[in-house]
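Since the structure comes first, as structure tokens, the remarks are kept for the end.
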Amino acid sequence: IEGGKSAAQLWEALEQSGFADALIPEADGGAGLLLAEAFPLIELCGTFVIPVPLAETMLARSLLAQAGLQRPSGSIALARGRRLNDGTLVCDRVGCGRVADWVLAGLDDTLLLLPADAASASDAIAALDATLSWPASAQDGVQPMPAIADLQTLQACVLATQLAGVLASVFTRTLQYANED
């Protein structure tokens, strides 16, 4: 996927597993897990460095469900946005921005759900990350929703948990290497 192949097959398998809806109440078709209960799953996203925004999609769908809004199919990246003078919305360094179907962008005290394919993408730090820009015309019809939770804090929780998975994996491999004959 990092080499340019489609993430569609991986995402379809994850979607069918039900993991993307783990934080949605059971009454709404999810598993009804609390964020703390989803920790092992989010940690595994880091352990295996999955090249799609599964943990972010779990959080985004949960926020959309809490707001009583329709949850789109496909993956959802999380990002902080800033508006330029001409109305363009820019989200810098969006994790998995090149493979996400949607972006839930935090802008001041609102959230905007934007289609990733309507954005212009430019390179960011990692191969799958991108800085995404939506011109004002691409934002027509996008309904802002109040930010139920601080998006930046939620992103930090996801990244910290994924880093714990990465570090556990590095530790395990280091021990295996040190114990080889």
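Naming scheme: A, B, ... for chains in displayed order of the structure tokens; residues 1 onward per chain; ligands 1 onward as shown.
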
Asp21 in chain A: which residues within 8 Å, counting only C-alpha atoms, same-chain residues fewer than 6 positions away excluded, as a PDB file with N, CA and C atoms, in the first residue's frame?
```
ATOM      1  N   GLY A  29     -25.714  -0.700  15.860  1.00  0.00           N
ATOM      2  CA  GLY A  29     -25.005  -1.643  15.004  1.00  0.00           C
ATOM      3  C   GLY A  29     -23.536  -1.831  15.311  1.00  0.00           C
ATOM      4  N   GLY A  30     -23.046  -1.236  16.402  1.00  0.00           N
ATOM      5  CA  GLY A  30     -21.646  -1.378  16.773  1.00  0.00           C
ATOM      6  C   GLY A  30     -21.442  -2.412  17.863  1.00  0.00           C
ATOM      7  N   ALA A  31     -20.252  -2.439  18.414  1.00  0.00           N
ATOM      8  CA  ALA A  31     -19.929  -3.376  19.491  1.00  0.00           C
ATOM      9  C   ALA A  31     -20.163  -2.771  20.869  1.00  0.00           C
ATOM     10  N   MET A  58     -12.565   4.426  13.913  1.00  0.00           N
ATOM     11  CA  MET A  58     -13.347   4.023  15.083  1.00  0.00           C
ATOM     12  C   MET A  58     -13.783   5.253  15.877  1.00  0.00           C
ATOM     13  N   ARG A  61     -16.281   7.580  13.748  1.00  0.00           N
ATOM     14  CA  ARG A  61     -17.638   7.020  13.679  1.00  0.00           C
ATOM     15  C   ARG A  61     -18.344   7.146  15.023  1.00  0.00           C
ATOM     16  N   SER A  62     -17.597   6.995  16.105  1.00  0.00           N
ATOM     17  CA  SER A  62     -18.178   7.175  17.434  1.00  0.00           C
ATOM     18  C   SER A  62     -18.656   8.611  17.629  1.00  0.00           C
TER      19      SER A  62
END
```

Name the residues of range 59-118 of chain A that fall into helix (DSSP H, G or I) according to DSSP on the backbone, using the chain letters and numbers of this document, as a PyMOL selection string. chain A and resi 59-66+116-118

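Comparing A:Gly68, A:Gly97, A:Gly32, A:Gly81 by their smallest distance to Pro53 in chain A, the closest is A:Gly97 (using only C-alpha atoms).
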
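With only C-alpha atoms as the atoms that count, the residue of A:Thr161, A:Ala156, A:Val166, A:Arg98 with the shortest distance to Leu41 in chain A is A:Thr161.
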
Tell me which protein, DNA and RNA residues are within 10 Å of range 84-96 of chain A, counting only C-alpha atoms, leaving out same-chain ones fewer than 6 positions away, and put them as a VMD selection string. chain A and resid 2 50 to 54 56 75 to 78 103 to 107 119 to 139

Would you kindly return, as a PyMOL selection string, each protein, DNA or RNA residue with an atom no farther than 7 Å from any atom of Thr110 in chain A, considering only C-alpha atoms and excluding same-chain residues fewer than 5 positions away? chain A and resi 144-147

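Note that the spacing between CA of Gln152 in chain A and CA of Ala116 in chain A amounts to 19.4 Å.
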
Name all residues at most 10 Å from Gly165 in chain A (count only C-alpha atoms; drop same-chain ones fewer than 4 positions away) and give them as a ChimeraX atom specification. /A:39-49,159-161,169-171

Applying 12 Å and only C-alpha atoms, which residues near Gln143 in chain A remain after dropping the ones on its own chain fewer than 6 positions away? List them as number ranges by chain. A: 64, 67, 69-70, 104-105, 110-114

List the spatial neighbours of Leu59 in chain A as a ChimeraX atom specification - criterion: any atom at most 9 Å away, only C-alpha atoms, same-chain residues fewer than 6 positions off excluded. /A:20-21,23-24,35,76,78,154-155,158

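Taking CA of Ala149 in chain A and CA of Leu63 in chain A as the two end points, the separation is 8.0 Å.
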
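Nearest to Ala60 in chain A of all the residues A:Ala168, A:Trp102, A:Leu34, A:Leu14 is A:Trp102, based on only C-alpha atoms.
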